[in-house]
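Shown below: work.csv, with CSV, C-alpha atoms and all ligand atoms.
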```
chain,number,residue,atom,x,y,z
A,1,MET,CA,0.0,0.0,0.0
A,2,VAL,CA,1.3,3.5,-1.0
A,3,THR,CA,0.2,6.3,1.3
A,4,SER,CA,-0.4,9.8,0.2
A,5,SER,CA,0.5,12.9,2.1
A,6,LYS,CA,-3.0,14.1,1.3
A,7,VAL,CA,-4.6,11.3,3.4
A,8,LYS,CA,-4.1,13.2,6.7
A,9,ASP,CA,-5.5,16.4,5.3
A,10,LEU,CA,-8.5,14.6,3.8
A,11,ARG,CA,-9.2,12.9,7.1
A,12,GLU,CA,-9.1,16.2,9.0
A,13,GLU,CA,-11.5,17.7,6.4
A,14,ILE,CA,-13.9,14.8,6.8
A,15,GLU,CA,-13.7,15.0,10.6
A,16,LEU,CA,-14.5,18.7,10.4
A,17,LEU,CA,-17.5,18.2,8.1
A,18,ILE,CA,-19.1,15.2,9.9
A,19,PRO,CA,-20.9,17.3,12.7
A,20,SER,CA,-22.3,19.7,10.1
A,21,LEU,CA,-24.0,16.9,8.1
A,22,GLY,CA,-27.8,16.9,8.5
A,23,ASP,CA,-28.0,13.2,7.8
A,24,ARG,CA,-27.3,11.0,10.9
A,25,LYS,CA,-26.9,7.9,8.8
A,26,LEU,CA,-24.3,9.5,6.5
A,27,GLN,CA,-22.5,10.7,9.6
A,28,ARG,CA,-22.3,7.1,10.9
A,29,ILE,CA,-21.1,5.8,7.5
A,30,ALA,CA,-18.4,8.5,7.5
A,31,GLU,CA,-17.3,7.3,10.9
A,32,LYS,CA,-17.2,3.8,9.7
A,33,VAL,CA,-15.0,4.8,6.7
A,34,LEU,CA,-12.5,6.6,9.0
A,35,ALA,CA,-12.5,3.6,11.4
A,36,ASN,CA,-11.8,1.2,8.4
A,37,GLU,CA,-15.0,-0.7,9.2
A,38,ARG,CA,-16.8,-2.6,6.4
A,39,LEU,CA,-19.9,-0.9,5.0
A,40,SER,CA,-23.1,-2.9,4.9
A,41,GLU,CA,-25.5,-3.2,1.9
A,42,GLU,CA,-27.8,-0.8,3.7
A,43,ASP,CA,-24.9,1.7,4.0
A,44,ALA,CA,-24.2,1.5,0.2
A,45,LEU,CA,-27.9,2.0,-0.6
A,46,GLN,CA,-27.9,5.0,1.7
A,47,LEU,CA,-24.9,6.5,-0.1
A,48,PHE,CA,-26.7,6.0,-3.5
A,49,GLU,CA,-29.8,7.7,-2.2
A,50,SER,CA,-27.9,10.6,-0.6
A,51,ASP,CA,-27.6,14.0,-2.3
A,52,GLU,CA,-24.2,14.7,-0.7
A,53,LEU,CA,-22.1,13.8,-3.7
A,54,ALA,CA,-19.2,16.1,-2.8
A,55,PHE,CA,-18.9,14.6,0.7
A,56,ILE,CA,-19.2,11.0,-0.6
A,57,GLY,CA,-16.5,11.8,-3.2
A,58,LEU,CA,-14.3,13.1,-0.4
A,59,LEU,CA,-14.7,9.8,1.6
A,60,ALA,CA,-14.0,7.8,-1.6
A,61,ASP,CA,-10.9,9.9,-2.4
A,62,TYR,CA,-9.7,9.4,1.1
A,63,LYS,CA,-10.0,5.6,0.7
A,64,SER,CA,-8.5,5.6,-2.7
A,65,ARG,CA,-5.4,7.6,-1.7
A,66,GLN,CA,-5.0,5.5,1.4
A,67,ARG,CA,-4.6,2.5,-0.9
A,68,ASN,CA,-2.9,3.8,-4.0
A,69,GLY,CA,-1.3,7.0,-2.8
A,70,ASP,CA,-1.7,9.9,-5.3
A,71,TYR,CA,-1.2,7.5,-8.3
A,72,ALA,CA,-3.6,7.1,-11.1
A,73,TYR,CA,-2.8,4.2,-13.4
A,74,PHE,CA,-2.9,3.8,-17.1
A,75,VAL,CA,-1.7,1.1,-19.5
A,76,VAL,CA,-0.5,1.2,-23.1
A,77,ASN,CA,-2.8,-1.3,-24.7
A,78,VAL,CA,-4.8,-2.2,-27.8
A,79,GLN,CA,-8.3,-3.4,-27.8
A,80,ILE,CA,-9.3,-5.9,-30.5
A,81,ASN,CA,-12.9,-6.9,-31.2
A,82,PRO,CA,-12.3,-9.7,-33.7
A,83,THR,CA,-16.0,-10.1,-34.8
A,84,ASN,CA,-19.4,-8.7,-34.1
A,85,VAL,CA,-21.2,-11.8,-35.2
A,86,CYS,CA,-22.9,-13.2,-32.0
A,87,ILE,CA,-25.4,-15.9,-31.1
A,88,TYR,CA,-26.6,-13.8,-28.1
A,89,GLY,CA,-29.1,-11.1,-28.7
A,90,CYS,CA,-28.4,-8.9,-25.6
A,91,ARG,CA,-30.8,-6.1,-25.7
A,92,PHE,CA,-28.3,-3.5,-24.4
A,93,CYS,CA,-25.8,-4.3,-27.2
A,94,ALA,CA,-25.7,-2.2,-30.4
A,95,PHE,CA,-22.5,-3.9,-31.5
A,96,ALA,CA,-23.5,-7.5,-32.2
A,97,VAL,CA,-25.3,-8.8,-35.2
A,98,LYS,CA,-26.9,-12.2,-35.5
A,99,GLY,CA,-25.6,-13.8,-38.7
A,100,ARG,CA,-22.6,-13.6,-41.0
A,101,ASN,CA,-24.8,-12.2,-43.8
A,102,HIS,CA,-25.9,-9.2,-41.9
A,103,PRO,CA,-24.8,-6.0,-43.7
A,104,ARG,CA,-22.9,-4.8,-40.6
A,105,ALA,CA,-21.3,-8.2,-40.0
A,106,TYR,CA,-17.5,-8.3,-39.9
A,107,GLU,CA,-14.8,-10.8,-39.0
A,108,MET,CA,-11.1,-9.9,-38.8
A,109,SER,CA,-8.6,-12.2,-40.4
A,110,ILE,CA,-5.7,-13.5,-38.3
A,111,ASP,CA,-3.4,-11.2,-40.3
A,112,GLU,CA,-5.5,-8.2,-39.4
A,113,ILE,CA,-5.4,-9.2,-35.8
A,114,LEU,CA,-1.7,-9.7,-35.8
A,115,GLN,CA,-1.2,-6.4,-37.4
A,116,LYS,CA,-3.2,-4.7,-34.6
A,117,VAL,CA,-1.1,-6.5,-32.0
A,118,GLY,CA,2.0,-5.2,-33.8
A,119,GLN,CA,0.8,-1.6,-33.3
A,120,ILE,CA,1.0,-1.9,-29.6
A,121,TYR,CA,4.6,-3.3,-29.8
A,122,GLU,CA,5.6,-0.2,-31.8
A,123,LEU,CA,4.2,2.0,-29.0
A,124,GLY,CA,6.1,0.0,-26.3
A,125,GLY,CA,2.9,-1.6,-24.8
A,126,ARG,CA,2.3,-5.3,-24.2
A,127,GLU,CA,-1.4,-5.5,-23.3
A,128,VAL,CA,-3.9,-6.9,-25.8
A,129,HIS,CA,-7.6,-6.8,-24.6
A,130,MET,CA,-9.5,-9.0,-27.0
A,131,VAL,CA,-13.2,-9.5,-26.8
A,132,GLY,CA,-16.0,-9.7,-29.3
A,133,GLY,CA,-19.1,-11.6,-30.4
A,134,ILE,CA,-19.7,-15.3,-30.1
A,135,PRO,CA,-20.1,-16.5,-33.7
A,136,PRO,CA,-22.1,-19.7,-34.4
A,137,HIS,CA,-19.4,-21.0,-36.8
A,138,TRP,CA,-16.3,-20.7,-34.5
A,139,ARG,CA,-15.2,-24.1,-33.1
A,140,TYR,CA,-13.5,-24.8,-29.8
A,141,GLU,CA,-10.1,-24.9,-31.6
A,142,ASP,CA,-10.6,-21.6,-33.3
A,143,TYR,CA,-10.6,-19.8,-29.9
A,144,LEU,CA,-7.5,-21.6,-28.8
A,145,ASN,CA,-5.7,-21.1,-32.1
A,146,LEU,CA,-6.2,-17.4,-32.1
A,147,LEU,CA,-4.4,-17.1,-28.7
A,148,ARG,CA,-1.7,-19.5,-29.9
A,149,GLU,CA,-1.1,-17.5,-33.1
A,150,ILE,CA,-0.8,-14.2,-31.3
A,151,LYS,CA,1.6,-15.7,-28.7
A,152,ARG,CA,3.6,-17.4,-31.5
A,153,HIS,CA,4.3,-14.1,-33.2
A,154,TYR,CA,4.5,-11.9,-30.1
A,155,PRO,CA,5.6,-14.2,-27.2
A,156,ASP,CA,5.8,-11.5,-24.5
A,157,VAL,CA,2.4,-10.0,-25.2
A,158,VAL,CA,-0.1,-10.1,-22.3
A,159,LEU,CA,-3.4,-11.6,-23.4
A,160,LYS,CA,-6.5,-10.3,-21.6
A,161,ALA,CA,-8.9,-12.2,-23.7
A,162,TYR,CA,-12.4,-13.7,-23.8
A,163,THR,CA,-14.9,-13.2,-21.0
A,164,ALA,CA,-16.6,-15.7,-18.7
A,165,ILE,CA,-19.4,-15.7,-21.3
A,166,GLU,CA,-17.0,-17.2,-23.9
A,167,VAL,CA,-15.7,-19.6,-21.4
A,168,TYR,CA,-19.2,-20.7,-20.6
A,169,HIS,CA,-19.9,-21.1,-24.3
A,170,LEU,CA,-16.7,-23.1,-24.7
A,171,THR,CA,-17.8,-25.6,-22.0
A,172,LYS,CA,-20.9,-26.2,-24.1
A,173,LEU,CA,-19.0,-26.6,-27.4
A,174,SER,CA,-16.4,-29.0,-26.0
A,175,LYS,CA,-18.5,-30.7,-23.2
A,176,LYS,CA,-15.5,-30.0,-21.0
A,177,SER,CA,-15.6,-28.6,-17.4
A,178,VAL,CA,-15.0,-24.9,-16.7
A,179,ARG,CA,-11.7,-25.9,-15.2
A,180,GLU,CA,-10.6,-27.9,-18.2
A,181,VAL,CA,-11.5,-25.1,-20.6
A,182,LEU,CA,-9.6,-22.6,-18.5
A,183,LEU,CA,-6.6,-24.9,-18.5
A,184,ASP,CA,-6.7,-25.2,-22.3
A,185,LEU,CA,-7.0,-21.4,-22.7
A,186,LYS,CA,-4.2,-20.9,-20.3
A,187,GLU,CA,-2.0,-23.3,-22.1
A,188,ALA,CA,-2.8,-21.6,-25.4
A,189,GLY,CA,-1.7,-18.2,-24.0
A,190,LEU,CA,-4.5,-16.6,-22.0
A,191,ASP,CA,-3.1,-14.5,-19.1
A,192,VAL,CA,-6.0,-12.6,-17.7
A,193,LEU,CA,-9.8,-12.9,-18.0
A,194,PRO,CA,-11.4,-9.5,-18.7
A,195,GLY,CA,-14.4,-8.4,-16.8
A,196,GLY,CA,-17.0,-8.2,-19.6
A,197,GLY,CA,-20.3,-10.0,-19.5
A,198,ALA,CA,-21.1,-9.4,-15.9
A,199,GLU,CA,-23.9,-6.9,-16.8
A,200,ILE,CA,-26.1,-7.0,-13.7
A,201,PHE,CA,-26.4,-10.0,-11.5
A,202,ASN,CA,-30.0,-9.6,-10.4
A,203,GLU,CA,-31.6,-12.6,-12.2
A,204,GLU,CA,-34.8,-11.0,-13.1
A,205,LYS,CA,-33.2,-7.9,-14.7
A,206,ARG,CA,-30.5,-10.0,-16.2
A,207,LYS,CA,-33.1,-12.1,-18.0
A,208,VAL,CA,-34.7,-9.0,-19.5
A,209,ILE,CA,-31.5,-7.4,-20.8
A,210,ALA,CA,-29.5,-10.5,-21.7
A,211,PRO,CA,-32.0,-13.3,-21.9
A,212,TYR,CA,-29.7,-16.0,-23.3
A,213,LYS,CA,-26.5,-15.3,-21.3
A,214,ALA,CA,-24.9,-17.4,-18.7
A,215,SER,CA,-26.5,-16.8,-15.3
A,216,ALA,CA,-24.9,-14.8,-12.5
A,217,GLU,CA,-24.2,-18.0,-10.7
A,218,GLU,CA,-22.4,-19.5,-13.8
A,219,TYR,CA,-20.5,-16.3,-14.4
A,220,LEU,CA,-19.2,-16.1,-10.9
A,221,LYS,CA,-18.3,-19.8,-10.9
A,222,ILE,CA,-16.0,-19.2,-13.9
A,223,HIS,CA,-14.2,-16.4,-12.2
A,224,ARG,CA,-13.9,-18.5,-9.0
A,225,GLU,CA,-12.3,-21.3,-11.0
A,226,ALA,CA,-10.0,-18.9,-12.8
A,227,HIS,CA,-8.8,-17.5,-9.5
A,228,LEU,CA,-8.2,-21.1,-8.2
A,229,LEU,CA,-6.0,-21.7,-11.3
A,230,GLY,CA,-4.0,-18.6,-10.7
A,231,ILE,CA,-5.6,-16.6,-13.5
A,232,PRO,CA,-6.4,-13.1,-12.4
A,233,THR,CA,-9.7,-11.6,-13.5
A,234,ASN,CA,-11.4,-8.2,-13.8
A,235,ILE,CA,-15.0,-7.6,-13.1
A,236,THR,CA,-17.5,-5.1,-14.4
A,237,MET,CA,-21.1,-3.9,-13.7
A,238,LEU,CA,-23.3,-2.4,-16.5
A,239,TYR,CA,-25.4,0.3,-14.9
A,240,GLY,CA,-27.9,2.9,-16.0
A,241,HIS,CA,-30.5,0.6,-17.9
A,242,ILE,CA,-33.4,-1.0,-16.0
A,243,GLU,CA,-31.6,-1.8,-12.8
A,244,ASP,CA,-32.1,0.2,-9.6
A,245,TYR,CA,-29.7,1.1,-6.8
A,246,ARG,CA,-30.6,-2.1,-4.9
A,247,ASP,CA,-29.5,-4.2,-7.9
A,248,ARG,CA,-26.2,-2.3,-8.1
A,249,VAL,CA,-25.6,-3.0,-4.4
A,250,GLU,CA,-26.6,-6.6,-4.7
A,251,HIS,CA,-24.2,-6.9,-7.7
A,252,MET,CA,-21.3,-5.4,-5.8
A,253,SER,CA,-22.1,-7.5,-2.7
A,254,ARG,CA,-21.7,-10.7,-4.7
A,255,VAL,CA,-18.5,-9.4,-6.2
A,256,ARG,CA,-17.2,-8.5,-2.7
A,257,GLU,CA,-18.1,-12.0,-1.4
A,258,LEU,CA,-16.2,-13.8,-4.1
A,259,GLN,CA,-13.2,-11.5,-3.6
A,260,ASP,CA,-13.3,-12.3,0.1
A,261,GLU,CA,-13.1,-16.0,-0.8
A,262,THR,CA,-10.4,-15.9,-3.5
A,263,GLY,CA,-8.7,-12.5,-3.7
A,264,GLY,CA,-8.4,-13.0,-7.5
A,265,PHE,CA,-10.0,-9.9,-8.8
A,266,GLN,CA,-7.7,-7.1,-9.9
A,267,VAL,CA,-10.1,-4.3,-10.5
A,268,PHE,CA,-13.8,-3.4,-10.5
A,269,ILE,CA,-15.1,-1.5,-13.5
A,270,PRO,CA,-18.6,0.2,-13.4
A,271,LEU,CA,-19.7,0.5,-17.1
A,272,LYS,CA,-22.0,3.3,-18.0
A,273,TYR,CA,-24.8,2.1,-20.3
A,274,HIS,CA,-25.1,3.8,-23.7
A,275,PRO,CA,-28.5,3.3,-25.2
A,276,GLU,CA,-28.1,4.6,-28.8
A,277,GLY,CA,-29.0,2.0,-31.4
A,278,THR,CA,-29.9,-0.7,-28.8
A,279,GLU,CA,-33.1,-2.6,-28.6
A,280,LEU,CA,-33.4,-1.8,-25.0
A,281,GLY,CA,-33.2,2.0,-25.5
A,282,GLY,CA,-33.3,4.4,-22.5
A,283,GLU,CA,-31.5,7.5,-21.4
A,284,LEU,CA,-27.9,8.2,-20.4
A,285,THR,CA,-27.2,8.4,-16.7
A,286,SER,CA,-26.2,11.8,-15.3
A,287,SER,CA,-22.6,12.6,-14.4
A,288,VAL,CA,-23.7,12.9,-10.8
A,289,ASP,CA,-24.9,9.3,-10.9
A,290,ASP,CA,-21.6,8.2,-12.7
A,291,LEU,CA,-19.4,9.8,-10.0
A,292,LYS,CA,-21.5,8.5,-7.2
A,293,THR,CA,-21.3,4.9,-8.6
A,294,ILE,CA,-17.5,5.1,-8.7
A,295,ALA,CA,-17.4,6.5,-5.2
A,296,VAL,CA,-19.8,3.9,-3.7
A,297,ALA,CA,-17.8,1.1,-5.5
A,298,ARG,CA,-14.6,2.5,-3.9
A,299,LEU,CA,-16.2,2.6,-0.4
A,300,PHE,CA,-18.1,-0.6,-0.5
A,301,LEU,CA,-15.5,-2.8,-2.2
A,302,ASP,CA,-13.0,-2.6,0.7
A,303,ASN,CA,-11.2,-5.8,-0.6
A,304,PHE,CA,-10.4,-4.3,-4.0
A,305,ASP,CA,-7.1,-2.6,-4.8
A,306,HIS,CA,-8.4,-0.8,-7.9
A,307,ILE,CA,-11.5,0.9,-9.2
A,308,LYS,CA,-11.4,1.8,-12.9
A,309,ALA,CA,-13.0,4.8,-14.5
A,310,TYR,CA,-13.2,3.5,-18.1
A,311,TRP,CA,-12.9,6.7,-20.2
A,312,VAL,CA,-14.6,5.0,-23.2
A,313,THR,CA,-17.9,4.8,-21.5
A,314,LEU,CA,-17.6,7.7,-19.1
A,315,GLY,CA,-16.1,10.2,-21.5
A,316,GLU,CA,-12.7,11.8,-20.8
A,317,ARG,CA,-14.0,14.6,-18.7
A,318,VAL,CA,-16.0,12.5,-16.2
A,319,ALA,CA,-13.3,9.8,-16.1
A,320,GLN,CA,-10.9,12.6,-15.2
A,321,LEU,CA,-13.2,13.8,-12.4
A,322,ALA,CA,-13.7,10.3,-11.2
A,323,LEU,CA,-10.0,10.1,-10.3
A,324,ASN,CA,-11.0,12.4,-7.4
A,325,TYR,CA,-14.1,10.4,-6.6
A,326,GLY,CA,-12.5,7.0,-5.8
A,327,ALA,CA,-11.1,5.8,-9.1
A,328,ASP,CA,-7.3,5.2,-9.4
A,329,ASP,CA,-7.2,3.8,-13.0
A,330,ILE,CA,-8.4,4.9,-16.4
A,331,ASP,CA,-7.6,1.9,-18.5
A,332,GLY,CA,-5.4,2.8,-21.5
A,333,THR,CA,-4.6,3.9,-25.0
A,334,ILE,CA,-7.0,1.3,-26.5
A,335,LEU,CA,-6.5,2.5,-30.1
A,336,GLU,CA,-9.7,0.9,-31.3
A,337,GLU,CA,-13.0,0.0,-29.7
A,338,ARG,CA,-16.2,-1.0,-31.3
A,339,ILE,CA,-18.6,-2.2,-28.6
A,340,VAL,CA,-19.5,1.0,-26.8
A,341,HIS,CA,-18.9,3.1,-30.0
A,342,ALA,CA,-21.7,1.1,-31.7
A,343,ALA,CA,-23.9,2.4,-28.9
A,344,GLY,CA,-23.1,6.0,-29.4
A,345,THR,CA,-20.2,7.0,-27.2
A,346,LYS,CA,-18.3,9.9,-28.6
A,347,ALA,CA,-15.0,9.2,-26.8
A,348,ALA,CA,-12.2,9.8,-29.3
A,349,LEU,CA,-9.9,6.9,-29.9
A,350,GLY,CA,-6.3,6.3,-30.4
A,351,HIS,CA,-5.2,8.0,-27.3
A,352,ALA,CA,-1.6,8.9,-27.2
A,353,LYS,CA,0.1,8.1,-24.0
A,354,GLU,CA,0.9,11.8,-23.5
A,355,ARG,CA,-2.8,12.6,-23.5
A,356,LEU,CA,-3.5,10.2,-20.7
A,357,ILE,CA,-0.6,11.5,-18.8
A,358,ASN,CA,-1.9,15.1,-19.1
A,359,LEU,CA,-5.4,14.0,-18.2
A,360,ILE,CA,-4.2,12.4,-15.0
A,361,ARG,CA,-1.9,15.3,-14.1
A,362,ASP,CA,-4.7,17.8,-14.6
A,363,ALA,CA,-6.8,15.8,-12.2
A,364,GLY,CA,-4.1,16.4,-9.5
A,365,LYS,CA,-2.8,12.8,-9.5
A,366,ILE,CA,0.6,11.3,-10.4
A,367,PRO,CA,0.4,9.3,-13.7
A,368,ALA,CA,1.7,5.8,-13.3
A,369,GLU,CA,2.1,3.6,-16.3
A,370,ARG,CA,1.3,0.0,-15.3
A,371,ASP,CA,1.3,-3.5,-16.8
A,372,THR,CA,-1.9,-5.6,-17.0
A,373,PHE,CA,-1.2,-6.9,-13.5
A,374,TYR,CA,-0.9,-3.4,-11.9
A,375,ASN,CA,2.9,-3.5,-11.6
A,376,ILE,CA,4.2,0.0,-12.1
A,377,ILE,CA,6.4,0.4,-15.2
A,378,LYS,CA,7.1,4.1,-14.9
A,379,VAL,CA,6.0,7.0,-12.9
A,380,TYR,CA,5.6,10.4,-14.6
A,381,GLY,CA,6.3,12.6,-11.6
B,1,LIG,O1,-19.6,-7.0,-21.4
B,1,LIG,C1,-22.0,-3.6,-24.2
B,1,LIG,C2,-20.5,-3.6,-22.2
B,1,LIG,C3,-18.6,-4.8,-22.1
B,1,LIG,C4,-22.8,-1.6,-24.1
B,1,LIG,O2,-11.7,-6.1,-18.0
B,1,LIG,C5,-21.9,-1.8,-23.1
B,1,LIG,O3,-10.4,-4.4,-17.9
B,1,LIG,C6,-22.2,0.4,-22.4
B,1,LIG,O4,-16.1,-5.5,-20.3
B,1,LIG,N1,-23.2,0.6,-23.3
B,1,LIG,C7,-17.3,-5.1,-22.8
B,1,LIG,N2,-21.5,-0.8,-22.3
B,1,LIG,C8,-16.2,-4.2,-22.2
B,1,LIG,C9,-15.6,-4.6,-21.0
B,1,LIG,C10,-14.3,-4.0,-20.5
B,1,LIG,C11,-14.0,-2.7,-20.9
B,1,LIG,C12,-12.8,-2.2,-20.4
B,1,LIG,C13,-12.0,-2.9,-19.6
B,1,LIG,C14,-12.3,-4.2,-19.2
B,1,LIG,C15,-11.4,-4.9,-18.3
B,1,LIG,C16,-13.5,-4.7,-19.6
B,1,LIG,O5,-19.2,-3.7,-22.7
B,1,LIG,C17,-19.7,-5.8,-22.2
B,1,LIG,C18,-20.9,-5.0,-21.8
B,1,LIG,O6,-21.1,-5.1,-20.4
B,1,LIG,N3,-21.4,-3.0,-23.2
B,1,LIG,N4,-22.9,-2.8,-24.8
B,1,LIG,C19,-23.5,-0.4,-24.2
B,1,LIG,N5,-24.5,-0.2,-25.1
```

Output the structure of this file as structure tokens.
Ligand code: V47
Amino acid sequence: MVTSSKVKDLREEIELLIPSLGDRKLQRIAEKVLANERLSEEDALQLFESDELAFIGLLADYKSRQRNGDYAYFVVNVQINPTNVCIYGCRFCAFAVKGRNHPRAYEMSIDEILQKVGQIYELGGREVHMVGGIPPHWRYEDYLNLLREIKRHYPDVVLKAYTAIEVYHLTKLSKKSVREVLLDLKEAGLDVLPGGGAEIFNEEKRKVIAPYKASAEEYLKIHREAHLLGIPTNITMLYGHIEDYRDRVEHMSRVRELQDETGGFQVFIPLKYHPEGTELGGELTSSVDDLKTIAVARLFLDNFDHIKAYWVTLGERVAQLALNYGADDIDGTILEERIVHAAGTKAALGHAKERLINLIRDAGKIPAERDTFYNIIKVYG
């Protein structure tokens, strides 16, 4: 744990403010935070329902700096979405298409994929985040071969690839157990499981937004197995659609429980829902809601080292603000992203490292370039 010189000042500020809060419950929560006591689900709900965003942000900033000092992390990475053809018709997704003959369908060739991996080498990065649709014509071996080919050409690349949803699909394709599939993927070159596909764990809402997807139970089982095999994983929560605050708290509670059990999650990533072009439709959440969600995640998930403000969904400005509301990571250069862009995000792509560094500096934090496993590569003091 790296401490920040600001932690003491923040603590004093919080102590000064507590007596002036009109809300007795919020006072009690603040006292718990200062005493390093775990927040209950009721506390988290209370925070979501409170209007005291600035104060909640202060509490979350205190917690974040206590754990990660004044650092905010970024990674030089490339995102690759190999295909948008997908058997699942998730109603929040504007990216996927059902069949190969759809006018918007695409599938990258292995050469195209390798060329994209090459781009990140040129920039000095090593992380490849690869996730896409689940096409009906891909066989078990296709998933493995793609990893093998990338590793054969670029042996020291770090592959953060396929979500628990692909793993679930692969167990069906191969009739192998989750453990066997994960071992095959690991052997083929998988390093980390990304956090996509978690959506919202409440079964009722999950069935409405993603009717055919693996259940929350199955999803979490795959992450548990990965952790047991020494494969670190990330975890997301898609918010701002039909879920309510209770669902968000339930989701985070299940995440916290599994983290208590295994300690295998690296980072929690709240993903802001973008409705454009989706079957589900809806409205964008407010920036107040976005910042509060980051802050509550930081305060509730006391067993997580990192909370990511994913700039692609939040937009650069809110992601930057989030670094003072409990987030300590903004993901990376990415270069290309199609999933959230299909749903209308206007976040500009191809971020130069310098831009991320400036964005972090302007937020009053110290930019720290990290690898996929959160080891610091270089600090830009
Ligand atoms: O699982 C799909 C989400 C996820 C929309 O592990 C949408 O470090 C918003 O999981 N509006 C994929 N979101 C991206 C993802 C991710 C991103 C960055 C880092 C990591 C990590 C993981 O995107 C999907 C889904 O939850 N998504 N459609 C949409 N309309």

>> I want to know what sits within 8 Å of segment 75-91 of chain A, based on all atoms listed in the file, with residues of the same chain fewer than 6 positions away left out; could you give that as number ranges by chain?
In response: A: 97-100, 105-108, 113, 116-117, 119-120, 123-136, 208-213, 278-280, 331-339, 353, 369-372

Selected residues written out with C-alpha atoms, as a PDB file, keeping the file's coordinate frame:
```pdb
ATOM      1  CA  VAL A  97     -25.300  -8.800 -35.200  1.00  0.00           C
ATOM      2  CA  LYS A  98     -26.900 -12.200 -35.500  1.00  0.00           C
ATOM      3  CA  GLY A  99     -25.600 -13.800 -38.700  1.00  0.00           C
ATOM      4  CA  ARG A 100     -22.600 -13.600 -41.000  1.00  0.00           C
ATOM      5  CA  ALA A 105     -21.300  -8.200 -40.000  1.00  0.00           C
ATOM      6  CA  TYR A 106     -17.500  -8.300 -39.900  1.00  0.00           C
ATOM      7  CA  GLU A 107     -14.800 -10.800 -39.000  1.00  0.00           C
ATOM      8  CA  MET A 108     -11.100  -9.900 -38.800  1.00  0.00           C
ATOM      9  CA  ILE A 113      -5.400  -9.200 -35.800  1.00  0.00           C
ATOM     10  CA  LYS A 116      -3.200  -4.700 -34.600  1.00  0.00           C
ATOM     11  CA  VAL A 117      -1.100  -6.500 -32.000  1.00  0.00           C
ATOM     12  CA  GLN A 119       0.800  -1.600 -33.300  1.00  0.00           C
ATOM     13  CA  ILE A 120       1.000  -1.900 -29.600  1.00  0.00           C
ATOM     14  CA  LEU A 123       4.200   2.000 -29.000  1.00  0.00           C
ATOM     15  CA  GLY A 124       6.100   0.000 -26.300  1.00  0.00           C
ATOM     16  CA  GLY A 125       2.900  -1.600 -24.800  1.00  0.00           C
ATOM     17  CA  ARG A 126       2.300  -5.300 -24.200  1.00  0.00           C
ATOM     18  CA  GLU A 127      -1.400  -5.500 -23.300  1.00  0.00           C
ATOM     19  CA  VAL A 128      -3.900  -6.900 -25.800  1.00  0.00           C
ATOM     20  CA  HIS A 129      -7.600  -6.800 -24.600  1.00  0.00           C
ATOM     21  CA  MET A 130      -9.500  -9.000 -27.000  1.00  0.00           C
ATOM     22  CA  VAL A 131     -13.200  -9.500 -26.800  1.00  0.00           C
ATOM     23  CA  GLY A 132     -16.000  -9.700 -29.300  1.00  0.00           C
ATOM     24  CA  GLY A 133     -19.100 -11.600 -30.400  1.00  0.00           C
ATOM     25  CA  ILE A 134     -19.700 -15.300 -30.100  1.00  0.00           C
ATOM     26  CA  PRO A 135     -20.100 -16.500 -33.700  1.00  0.00           C
ATOM     27  CA  PRO A 136     -22.100 -19.700 -34.400  1.00  0.00           C
ATOM     28  CA  VAL A 208     -34.700  -9.000 -19.500  1.00  0.00           C
ATOM     29  CA  ILE A 209     -31.500  -7.400 -20.800  1.00  0.00           C
ATOM     30  CA  ALA A 210     -29.500 -10.500 -21.700  1.00  0.00           C
ATOM     31  CA  PRO A 211     -32.000 -13.300 -21.900  1.00  0.00           C
ATOM     32  CA  TYR A 212     -29.700 -16.000 -23.300  1.00  0.00           C
ATOM     33  CA  LYS A 213     -26.500 -15.300 -21.300  1.00  0.00           C
ATOM     34  CA  THR A 278     -29.900  -0.700 -28.800  1.00  0.00           C
ATOM     35  CA  GLU A 279     -33.100  -2.600 -28.600  1.00  0.00           C
ATOM     36  CA  LEU A 280     -33.400  -1.800 -25.000  1.00  0.00           C
ATOM     37  CA  ASP A 331      -7.600   1.900 -18.500  1.00  0.00           C
ATOM     38  CA  GLY A 332      -5.400   2.800 -21.500  1.00  0.00           C
ATOM     39  CA  THR A 333      -4.600   3.900 -25.000  1.00  0.00           C
ATOM     40  CA  ILE A 334      -7.000   1.300 -26.500  1.00  0.00           C
ATOM     41  CA  LEU A 335      -6.500   2.500 -30.100  1.00  0.00           C
ATOM     42  CA  GLU A 336      -9.700   0.900 -31.300  1.00  0.00           C
ATOM     43  CA  GLU A 337     -13.000   0.000 -29.700  1.00  0.00           C
ATOM     44  CA  ARG A 338     -16.200  -1.000 -31.300  1.00  0.00           C
ATOM     45  CA  ILE A 339     -18.600  -2.200 -28.600  1.00  0.00           C
ATOM     46  CA  LYS A 353       0.100   8.100 -24.000  1.00  0.00           C
ATOM     47  CA  GLU A 369       2.100   3.600 -16.300  1.00  0.00           C
ATOM     48  CA  ARG A 370       1.300   0.000 -15.300  1.00  0.00           C
ATOM     49  CA  ASP A 371       1.300  -3.500 -16.800  1.00  0.00           C
ATOM     50  CA  THR A 372      -1.900  -5.600 -17.000  1.00  0.00           C
TER      51      THR A 372
END
```

> Which residues form the shell of 6 Å around ligand LIG 1 (chain B) when you count only C-alpha atoms and all ligand atoms, given as a ChimeraX atom specification?
Replying inline: /A:92-94,194-197,199,234,238,271-275,339-340,343

>> Which residues are near Ala44 of chain A? Cut-off 7 Å, only C-alpha atoms, ignore same chain within fewer than 6 positions. Put them as a PyMOL selection string.
In response: chain A and resi 249+296+300

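Distance-wise, atom CA of Arg152 of chain A and atom CA of Pro232 of chain A end up 22.0 Å apart.
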
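Closest approach to Asp244 of chain A among A:Lys205, A:Arg355, A:His306, A:Lys346 is made by A:Lys205 (distances from only C-alpha atoms).
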